[in-house]
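As provided, start00.json (JSON, C-alpha atoms) reads as follows.
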```json
[["chain", "number", "residue", "atom", "x", "y", "z"],
["A", 222, "MET", "CA", -38.74, -19.79, -28.71],
["A", 223, "LYS", "CA", -39.51, -18.26, -25.34],
["A", 224, "LYS", "CA", -35.78, -18.08, -24.55],
["A", 225, "TYR", "CA", -35.09, -16.26, -27.81],
["A", 226, "LEU", "CA", -37.96, -13.88, -27.15],
["A", 227, "LEU", "CA", -36.70, -13.15, -23.65],
["A", 228, "LEU", "CA", -33.19, -12.60, -24.96],
["A", 229, "ILE", "CA", -34.46, -10.11, -27.53],
["A", 230, "ILE", "CA", -36.44, -8.27, -24.85],
["A", 231, "ILE", "CA", -33.33, -8.01, -22.68],
["A", 232, "ASN", "CA", -31.22, -6.70, -25.54],
["A", 233, "VAL", "CA", -33.81, -4.21, -26.72],
["A", 234, "THR", "CA", -34.31, -2.97, -23.17],
["A", 235, "CYS", "CA", -30.65, -2.89, -22.22],
["A", 236, "PHE", "CA", -29.15, -2.01, -25.59],
["A", 237, "GLY", "CA", -31.73, -0.43, -27.83],
["A", 238, "LEU", "CA", -32.83, 2.04, -25.17],
["A", 239, "SER", "CA", -29.59, 2.63, -23.29],
["A", 240, "PHE", "CA", -26.99, 0.72, -25.34],
["A", 241, "GLY", "CA", -26.75, -1.89, -22.62],
["A", 242, "GLN", "CA", -23.78, -0.64, -20.65],
["A", 243, "GLN", "CA", -24.03, -1.21, -16.95],
["A", 244, "ASP", "CA", -21.08, -1.86, -14.67],
["A", 245, "PRO", "CA", -19.97, -5.51, -14.56],
["A", 246, "LEU", "CA", -21.24, -7.39, -11.52],
["A", 247, "TYR", "CA", -18.69, -8.92, -9.13],
["A", 248, "SER", "CA", -18.73, -10.79, -5.84],
["A", 249, "GLN", "CA", -14.94, -11.23, -5.45],
["A", 250, "TYR", "CA", -14.46, -7.47, -4.94],
["A", 251, "ILE", "CA", -14.14, -8.38, -1.26],
["A", 252, "ASN", "CA", -10.70, -9.87, -2.08],
["A", 253, "ASN", "CA", -9.68, -7.10, -4.48],
["A", 254, "PRO", "CA", -11.56, -3.77, -4.24],
["A", 255, "MET", "CA", -9.44, -2.57, -7.19],
["A", 256, "VAL", "CA", -12.17, -3.85, -9.53],
["A", 257, "ILE", "CA", -14.57, -1.16, -8.24],
["A", 258, "ASN", "CA", -12.27, 1.52, -6.75],
["A", 259, "PRO", "CA", -9.05, 2.93, -8.28],
["A", 260, "ALA", "CA", -8.00, 4.24, -4.84],
["A", 261, "TYR", "CA", -7.11, 0.64, -3.93],
["A", 262, "ALA", "CA", -4.17, 0.70, -6.37],
["A", 263, "GLY", "CA", -1.10, -0.07, -4.27],
["A", 264, "LEU", "CA", -3.01, 0.39, -1.02],
["A", 265, "ASN", "CA", -1.73, -2.82, 0.61],
["A", 266, "ASN", "CA", 1.88, -1.79, -0.05],
["A", 267, "ASN", "CA", 3.03, -4.57, -2.38],
["A", 268, "PHE", "CA", 2.33, -5.99, -5.84],
["A", 269, "ASN", "CA", -0.96, -7.71, -6.65],
["A", 270, "ALA", "CA", -2.35, -9.23, -9.83],
["A", 271, "SER", "CA", -5.50, -11.24, -10.39],
["A", 272, "LEU", "CA", -7.62, -12.91, -13.03],
["A", 273, "SER", "CA", -11.34, -13.48, -12.46],
["A", 274, "TYR", "CA", -14.09, -15.09, -14.50],
["A", 275, "ARG", "CA", -17.80, -14.81, -13.79],
["A", 276, "THR", "CA", -20.62, -16.63, -15.54],
["A", 277, "GLN", "CA", -23.97, -15.35, -14.32],
["A", 278, "TRP", "CA", -27.29, -17.20, -14.60],
["A", 279, "GLY", "CA", -25.76, -20.32, -16.17],
["A", 280, "GLY", "CA", -28.22, -22.15, -18.42],
["A", 281, "PHE", "CA", -29.91, -18.92, -19.50],
["A", 282, "GLU", "CA", -29.21, -18.30, -23.18],
["A", 283, "GLY", "CA", -27.21, -15.11, -23.67],
["A", 284, "ASN", "CA", -26.30, -14.98, -19.96],
["A", 285, "PRO", "CA", -23.79, -12.36, -18.75],
["A", 286, "THR", "CA", -20.11, -13.35, -18.55],
["A", 287, "THR", "CA", -17.24, -11.19, -17.31],
["A", 288, "VAL", "CA", -13.46, -11.56, -17.52],
["A", 289, "ASN", "CA", -11.34, -9.19, -15.42],
["A", 290, "VAL", "CA", -7.54, -8.96, -15.49],
["A", 291, "ASN", "CA", -5.88, -6.41, -13.22],
["A", 292, "GLY", "CA", -2.66, -5.61, -11.45],
["A", 293, "HIS", "CA", -1.45, -2.87, -9.14],
["A", 294, "ILE", "CA", 1.73, -2.00, -7.25],
["A", 295, "SER", "CA", 2.88, 0.36, -4.50],
["A", 296, "LEU", "CA", 5.66, 2.76, -5.51],
["A", 297, "VAL", "CA", 7.77, 5.69, -4.20],
["A", 298, "ASP", "CA", 8.23, 4.40, -0.64],
["A", 299, "ASN", "CA", 4.58, 3.36, -0.53],
["A", 300, "ARG", "CA", 3.33, 6.87, -1.17],
["A", 301, "VAL", "CA", 1.73, 6.22, -4.56],
["A", 302, "GLY", "CA", 0.10, 3.32, -6.35],
["A", 303, "ALA", "CA", -0.27, 2.40, -10.02],
["A", 304, "GLY", "CA", -2.51, -0.16, -11.68],
["A", 305, "LEU", "CA", -3.95, -1.60, -14.89],
["A", 306, "LEU", "CA", -7.47, -2.94, -15.43],
["A", 307, "ILE", "CA", -8.73, -4.91, -18.46],
["A", 308, "VAL", "CA", -12.37, -6.04, -18.54],
["A", 309, "GLN", "CA", -14.54, -7.81, -21.10],
["A", 310, "ASP", "CA", -18.23, -8.01, -20.25],
["A", 311, "LYS", "CA", -20.77, -9.84, -22.44],
["A", 312, "ILE", "CA", -24.54, -10.16, -22.34],
["A", 313, "GLY", "CA", -26.49, -11.54, -25.27],
["A", 314, "ASN", "CA", -25.23, -9.88, -28.43],
["A", 315, "VAL", "CA", -23.52, -7.01, -26.59],
["A", 316, "THR", "CA", -19.78, -6.99, -25.76],
["A", 317, "ASN", "CA", -18.12, -4.23, -23.74],
["A", 318, "THR", "CA", -14.32, -4.14, -23.47],
["A", 319, "GLU", "CA", -12.39, -1.63, -21.41],
["A", 320, "PHE", "CA", -8.78, -0.72, -20.70],
["A", 321, "GLN", "CA", -8.03, 1.48, -17.69],
["A", 322, "LEU", "CA", -4.85, 2.86, -16.12],
["A", 323, "ALA", "CA", -5.11, 3.77, -12.45],
["A", 324, "GLY", "CA", -3.04, 5.92, -10.13],
["A", 325, "ALA", "CA", -3.39, 6.65, -6.43],
["A", 326, "TYR", "CA", -1.76, 8.92, -3.85],
["A", 327, "LYS", "CA", -1.60, 7.70, -0.25],
["A", 328, "LEU", "CA", -1.35, 9.59, 3.04],
["A", 329, "GLN", "CA", -0.30, 7.76, 6.20],
["A", 330, "LEU", "CA", -2.30, 9.03, 9.19],
["A", 331, "GLU", "CA", -0.91, 7.20, 12.24],
["A", 332, "ASP", "CA", -2.32, 3.65, 11.85],
["A", 333, "VAL", "CA", -4.73, 4.60, 9.04],
["A", 334, "THR", "CA", -3.97, 5.10, 5.35],
["A", 335, "PHE", "CA", -6.03, 7.50, 3.22],
["A", 336, "SER", "CA", -5.86, 7.03, -0.54],
["A", 337, "PHE", "CA", -7.23, 9.07, -3.44],
["A", 338, "GLY", "CA", -7.21, 7.40, -6.84],
["A", 339, "MET", "CA", -8.19, 8.04, -10.43],
["A", 340, "GLN", "CA", -8.37, 5.90, -13.54],
["A", 341, "ALA", "CA", -8.54, 6.76, -17.21],
["A", 342, "GLY", "CA", -8.94, 4.71, -20.34],
["A", 343, "VAL", "CA", -11.29, 3.69, -23.10],
["A", 344, "ILE", "CA", -14.43, 1.54, -23.28],
["A", 345, "ASN", "CA", -15.42, -0.17, -26.52],
["A", 346, "PHE", "CA", -19.09, -1.03, -27.08],
["A", 347, "GLN", "CA", -20.11, -3.62, -29.68],
["A", 348, "SER", "CA", -23.43, -5.12, -30.69],
["A", 349, "ASP", "CA", -23.69, -8.02, -33.13],
["A", 350, "PHE", "CA", -27.32, -8.50, -34.18],
["A", 351, "ASN", "CA", -26.32, -11.60, -36.17],
["A", 352, "LYS", "CA", -26.26, -13.43, -32.82],
["A", 353, "LEU", "CA", -30.01, -12.90, -32.39],
["A", 354, "ASN", "CA", -32.67, -15.24, -33.74],
["A", 355, "LEU", "CA", -35.02, -12.56, -35.05],
["A", 356, "ALA", "CA", -38.63, -13.21, -35.98],
["A", 357, "ASP", "CA", -38.15, -10.67, -38.79],
["A", 358, "PRO", "CA", -34.53, -10.69, -40.03],
["A", 359, "GLY", "CA", -35.35, -7.74, -42.27],
["A", 360, "ASP", "CA", -36.35, -5.47, -39.38],
["A", 361, "PRO", "CA", -34.41, -2.20, -40.03],
["A", 362, "ALA", "CA", -33.97, -1.68, -36.28],
["A", 363, "PHE", "CA", -31.52, -4.61, -36.34],
["A", 364, "ALA", "CA", -30.02, -3.95, -39.75],
["A", 365, "GLY", "CA", -26.57, -2.76, -38.75],
["A", 366, "ASN", "CA", -24.12, -3.80, -36.05],
["A", 367, "GLU", "CA", -22.76, -1.12, -33.76],
["A", 368, "ASN", "CA", -19.13, -0.59, -32.75],
["A", 369, "LEU", "CA", -17.79, 2.50, -31.03],
["A", 370, "SER", "CA", -15.27, 3.51, -28.37],
["A", 371, "LYS", "CA", -15.57, 6.21, -25.74],
["A", 372, "PRO", "CA", -13.03, 7.64, -23.26],
["A", 373, "ASN", "CA", -13.52, 7.17, -19.56],
["A", 374, "ILE", "CA", -12.28, 8.58, -16.28],
["A", 375, "GLY", "CA", -13.10, 7.36, -12.79],
["A", 376, "ALA", "CA", -12.26, 8.35, -9.23],
["A", 377, "GLY", "CA", -12.37, 6.97, -5.73],
["A", 378, "VAL", "CA", -11.23, 7.46, -2.15],
["A", 379, "ALA", "CA", -10.42, 4.84, 0.48],
["A", 380, "LEU", "CA", -9.56, 4.66, 4.18],
["A", 381, "LYS", "CA", -7.78, 1.52, 5.36],
["A", 382, "SER", "CA", -6.43, 0.16, 8.63],
["A", 383, "GLU", "CA", -5.79, -3.37, 9.83],
["A", 384, "ARG", "CA", -9.28, -3.45, 11.36],
["A", 385, "TYR", "CA", -11.45, -1.75, 8.74],
["A", 386, "PHE", "CA", -11.77, -0.55, 5.16],
["A", 387, "VAL", "CA", -14.09, 2.12, 3.74],
["A", 388, "GLY", "CA", -14.19, 3.17, 0.10],
["A", 389, "LEU", "CA", -16.32, 5.44, -2.08],
["A", 390, "SER", "CA", -15.93, 5.38, -5.85],
["A", 391, "VAL", "CA", -17.35, 6.21, -9.27],
["A", 392, "PRO", "CA", -15.30, 4.01, -11.64],
["A", 393, "ARG", "CA", -16.83, 5.48, -14.81],
["A", 394, "LEU", "CA", -17.61, 9.15, -14.47],
["A", 395, "LEU", "CA", -18.52, 10.15, -18.02],
["A", 396, "SER", "CA", -22.15, 10.00, -19.03],
["A", 397, "THR", "CA", -22.28, 9.88, -22.82],
["A", 398, "THR", "CA", -24.88, 9.56, -25.54],
["A", 399, "PHE", "CA", -24.87, 7.51, -28.72],
["A", 400, "LYS", "CA", -26.49, 8.04, -32.11],
["A", 401, "SER", "CA", -27.41, 4.75, -33.79],
["A", 402, "SER", "CA", -27.22, 3.92, -37.48],
["A", 403, "MET", "CA", -30.96, 4.71, -37.58],
["A", 404, "GLY", "CA", -30.23, 8.26, -36.40],
["A", 405, "GLU", "CA", -31.75, 7.73, -32.94],
["A", 406, "GLN", "CA", -29.93, 9.09, -29.89],
["A", 407, "PHE", "CA", -29.70, 7.03, -26.71],
["A", 408, "ASP", "CA", -28.05, 7.29, -23.32],
["A", 409, "LEU", "CA", -24.84, 5.31, -23.54],
["A", 410, "TYR", "CA", -23.94, 5.13, -19.88],
["A", 411, "ASN", "CA", -24.96, 6.37, -16.42],
["A", 412, "GLN", "CA", -22.57, 6.67, -13.48],
["A", 413, "HIS", "CA", -22.54, 3.94, -10.83],
["A", 414, "TYR", "CA", -21.70, 4.97, -7.26],
["A", 415, "TYR", "CA", -20.12, 2.45, -4.88],
["A", 416, "LEU", "CA", -19.80, 2.61, -1.09],
["A", 417, "PHE", "CA", -17.95, -0.38, 0.37],
["A", 418, "GLY", "CA", -17.03, -1.01, 3.98],
["A", 419, "GLY", "CA", -15.75, -3.91, 6.05],
["A", 420, "TYR", "CA", -14.55, -4.59, 9.59],
["A", 421, "VAL", "CA", -12.56, -7.36, 11.26],
["A", 422, "PHE", "CA", -13.52, -8.81, 14.65],
["A", 423, "ASN", "CA", -10.92, -11.02, 16.34],
["A", 424, "MET", "CA", -12.50, -14.17, 17.75],
["A", 425, "GLY", "CA", -9.52, -15.65, 19.51],
["A", 426, "THR", "CA", -6.02, -15.97, 18.12],
["A", 427, "ARG", "CA", -6.86, -17.88, 14.94],
["A", 428, "ILE", "CA", -10.36, -16.94, 13.81],
["A", 429, "ARG", "CA", -11.62, -13.60, 12.57],
["A", 430, "LEU", "CA", -15.11, -12.51, 11.58],
["A", 431, "LYS", "CA", -15.15, -10.14, 8.62],
["A", 432, "PRO", "CA", -18.56, -8.63, 7.80],
["A", 433, "SER", "CA", -18.83, -6.17, 4.94],
["A", 434, "VAL", "CA", -21.43, -4.26, 2.96],
["A", 435, "LEU", "CA", -21.50, -2.84, -0.57],
["A", 436, "LEU", "CA", -24.04, -0.23, -1.64],
["A", 437, "LYS", "CA", -24.39, 0.51, -5.36],
["A", 438, "SER", "CA", -26.49, 3.30, -6.81],
["A", 439, "VAL", "CA", -27.26, 4.14, -10.45],
["A", 440, "LYS", "CA", -29.81, 6.47, -11.97],
["A", 441, "GLY", "CA", -33.09, 4.78, -12.81],
["A", 442, "SER", "CA", -32.52, 1.71, -10.63],
["A", 443, "PRO", "CA", -33.20, 0.95, -6.95],
["A", 444, "LEU", "CA", -30.30, 0.91, -4.51],
["A", 445, "SER", "CA", -28.42, -2.42, -4.60],
["A", 446, "THR", "CA", -27.07, -3.87, -1.33],
["A", 447, "ASP", "CA", -24.59, -6.71, -0.82],
["A", 448, "LEU", "CA", -24.19, -8.12, 2.71],
["A", 449, "ASN", "CA", -21.20, -10.42, 3.35],
["A", 450, "PHE", "CA", -20.21, -12.43, 6.44],
["A", 451, "ASN", "CA", -16.90, -14.26, 6.24],
["A", 452, "LEU", "CA", -14.87, -16.29, 8.74],
["A", 453, "ASN", "CA", -11.11, -16.28, 8.28],
["A", 454, "ILE", "CA", -8.83, -18.91, 9.84],
["A", 455, "ASP", "CA", -5.13, -18.13, 10.37],
["A", 456, "GLN", "CA", -5.45, -15.42, 7.66],
["A", 457, "LEU", "CA", -5.19, -18.29, 5.16],
["A", 458, "TYR", "CA", -8.64, -19.83, 4.70],
["A", 459, "THR", "CA", -11.98, -18.07, 4.31],
["A", 460, "ALA", "CA", -15.58, -19.24, 4.19],
["A", 461, "GLY", "CA", -18.70, -17.13, 4.25],
["A", 462, "VAL", "CA", -22.20, -16.35, 3.07],
["A", 463, "PHE", "CA", -23.72, -13.32, 1.42],
["A", 464, "THR", "CA", -26.90, -11.92, -0.03],
["A", 465, "ARG", "CA", -27.58, -9.35, -2.72],
["A", 466, "ASN", "CA", -30.84, -7.46, -2.18],
["A", 467, "PHE", "CA", -32.23, -10.52, -0.37],
["A", 468, "ASN", "CA", -33.13, -12.07, -3.74],
["A", 469, "THR", "CA", -29.75, -13.71, -4.41],
["A", 470, "TYR", "CA", -27.85, -15.83, -1.88],
["A", 471, "GLY", "CA", -24.48, -17.46, -2.05],
["A", 472, "ILE", "CA", -21.34, -18.87, -0.46],
["A", 473, "GLN", "CA", -17.78, -17.58, -0.69],
["A", 474, "LEU", "CA", -14.64, -19.67, -0.30],
["A", 475, "GLY", "CA", -11.03, -18.58, -0.36],
["A", 476, "ALA", "CA", -7.50, -19.75, 0.34],
["A", 477, "LEU", "CA", -4.09, -18.11, 0.49],
["A", 478, "LEU", "CA", -1.36, -20.54, -0.58],
["A", 479, "LYS", "CA", 2.30, -20.04, 0.43],
["A", 480, "GLU", "CA", 1.29, -16.51, 1.48],
["A", 481, "GLN", "CA", 1.41, -15.50, -2.18],
["A", 482, "PHE", "CA", -1.31, -17.14, -4.25],
["A", 483, "ARG", "CA", -4.97, -16.43, -3.59],
["A", 484, "LEU", "CA", -7.88, -18.54, -4.77],
["A", 485, "GLY", "CA", -11.45, -17.33, -4.47],
["A", 486, "TYR", "CA", -14.74, -18.92, -5.47],
["A", 487, "THR", "CA", -18.34, -17.74, -5.22],
["A", 488, "PHE", "CA", -21.52, -19.70, -5.87],
["A", 489, "GLU", "CA", -24.77, -17.74, -6.14],
["A", 490, "ILE", "CA", -28.38, -18.91, -6.21],
["A", 491, "PRO", "CA", -30.97, -16.35, -7.33],
["A", 492, "THR", "CA", -34.52, -16.67, -6.05],
["A", 493, "ALA", "CA", -37.85, -16.19, -7.76],
["A", 494, "GLY", "CA", -37.48, -12.50, -6.92],
["A", 495, "SER", "CA", -34.58, -12.45, -9.40],
["A", 496, "VAL", "CA", -34.42, -14.87, -12.36],
["A", 497, "GLY", "CA", -35.13, -18.13, -10.56],
["A", 498, "SER", "CA", -32.99, -20.65, -8.70],
["A", 499, "GLN", "CA", -32.39, -22.79, -11.82],
["A", 500, "PHE", "CA", -29.97, -20.14, -13.17],
["A", 501, "ASN", "CA", -26.93, -20.34, -10.87],
["A", 502, "THR", "CA", -23.86, -18.10, -10.93],
["A", 503, "HIS", "CA", -20.18, -19.04, -10.54],
["A", 504, "GLU", "CA", -17.25, -16.68, -10.06],
["A", 505, "ILE", "CA", -13.62, -17.73, -9.66],
["A", 506, "MET", "CA", -10.58, -15.58, -8.94],
["A", 507, "LEU", "CA", -6.87, -16.42, -9.10],
["A", 508, "GLY", "CA", -4.46, -13.91, -7.63],
["A", 509, "VAL", "CA", -0.83, -13.40, -6.69],
["A", 510, "ARG", "CA", 0.68, -11.15, -4.02],
["A", 511, "MET", "CA", 4.40, -10.39, -3.95],
["A", 512, "SER", "CA", 6.77, -8.00, -2.18],
["A", 513, "LEU", "CA", 8.96, -6.91, -5.07],
["A", 514, "LEU", "CA", 10.57, -3.73, -3.72],
["A", 515, "ASN", "CA", 12.56, -3.26, -0.51],
["A", 516, "PHE", "CA", 9.93, -0.92, 0.98],
["A", 517, "HIS", "CA", 7.04, -3.30, 0.31],
["A", 518, "ASP", "CA", 5.12, -4.78, 3.24],
["A", 519, "ARG", "CA", 5.91, -8.48, 3.86],
["A", 520, "SER", "CA", 3.11, -9.04, 6.37],
["A", 521, "LEU", "CA", -0.41, -10.20, 5.51],
["A", 522, "SER", "CA", -3.20, -7.64, 5.36],
["A", 523, "ASN", "CA", -6.86, -8.04, 6.31],
["A", 524, "PHE", "CA", -7.86, -5.91, 3.30]]
```

In structure tokens, how does this file's structure come out?
Amino acid sequence: MKKYLLLIIINVTCFGLSFGQQDPLYSQYINNPMVINPAYAGLNNNFNASLSYRTQWGGFEGNPTTVNVNGHISLVDNRVGAGLLIVQDKIGNVTNTEFQLAGAYKLQLEDVTFSFGMQAGVINFQSDFNKLNLADPGDPAFAGNENLSKPNIGAGVALKSERYFVGLSVPRLLSTTFKSSMGEQFDLYNQHYYLFGGYVFNMGTRIRLKPSVLLKSVKGSPLSTDLNFNLNIDQLYTAGVFTRNFNTYGIQLGALLKEQFRLGYTFEIPTAGSVGSQFNTHEIMLGVRMSLLNFHDRSLSNF
């Protein structure tokens, strides 16, 4: 009963007051910044596609789950990039599905590439109150399911070299409102701002240290900070640790197979400052990297 009550509280707080749409949470963005920044489309001068699945707070009824499918390619002699992003994010009785097309223009500045990108698409918001175990099934506040779609645009910039990466983005720029079946008007969505940066330190000929930080800001919430420290061996195998706001800790593992196929896995343990260590999080990513066009880069990239 307590789990059902907590689930209802989460949905009323996240959905009834603001319709529940926050950006999906990722930890594998370190391997593919495309999921948070459209300027990354085509930035590594080849073709990339990936599929990721995240189940957050496993064992907690109605826990968030996210599926992300994306692909992007460098075009026009590596001057522009194009990409596609499909995301389905669920929490409790709320499902958000989005389709985004991304485009980026790149400027080569000596050994640094500057990229400006935009994305546009549609986000569908659904709430199924039949999935809730209500104390009062006749409560008019939960009488009708909600289903609506809204357009979206997003933008980002990125600066990339072989030693560092810096990106600033707002993947979903439009703040919109929603009028429920009860005639009440709520905020549908607030913009999320991302600042991501990483650097590579060479520690000999085979090992590299790759620290990175992600700052996320959204109206009405405190600043969120991810700190990552990864060791890379021969550009093929990666192992590291990270923390989010010092109340969630985890490990990250990765491997590049045959210089084409990337596997990534993250295991997170929240502390009592979050939801408690009994609700662990798993995220897995499968990706492919290919040089399809004659001007594509055949070498491996640090970012």

Within 12 Å of A:Val301, counting all atoms listed in the file, which residues qualify if same-chain residues fewer than 2 places away don't, as a PyMOL selection string? chain A and resi 259-267+293-299+303-304+323-329+334-339+517

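With atom CA of A:Ser495 on one side and atom CA of A:Asp447 on the other, the separation reads 14.4 Å.
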
Near A:Thr426, counting all atoms listed in the file, which residues have an atom at most 12 Å away, once you skip same-chain residues fewer than 6 positions from it, shown as a PyMOL selection string? chain A and resi 453-456

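Remark: for A:Gly283, the closest of the candidate residues A:Asn466, A:Ser512, A:Thr316, A:Asn253 is A:Thr316 (distances computed over all atoms listed in the file).
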
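When atom CA of A:Glu504 is paired with atom CA of A:Arg275, their separation reads 4.2 Å.
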
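Closest to A:Asn523 among A:Lys479, A:Arg427, A:Arg384, A:Arg393 is A:Arg384, based on all atoms listed in the file.
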
Using all atoms listed in the file, the shortest atom-to-atom distance to A:Ser271 among A:Gly375, A:Gly471, A:Gly508, A:Gly419 belongs to A:Gly508

Would you please work out which residue, of A:Trp278, A:Phe450, A:Phe268, A:Tyr247, is nearest to A:Leu305 when using only C-alpha atoms? A:Phe268

Using Å and a single decimal, report how far atom CA of A:Tyr415 sits from atom CA of A:Val333. 20.9 Å

Of the candidates A:Phe281, A:Phe386, A:Leu478, A:Val391, which one gets nearest to A:Lys431 if we count all atoms listed in the file? A:Phe386

Box dimensions and centre (Å, one decimal) enclosing stretch 503-516 of chain A, axis-aligned, 6 Å extra per side, as lines of an AutoDock Vina configuration file:
```
center_x = -3.8
center_y = -10.0
center_z = -4.8
size_x = 44.7
size_y = 30.1
size_z = 23.5
```
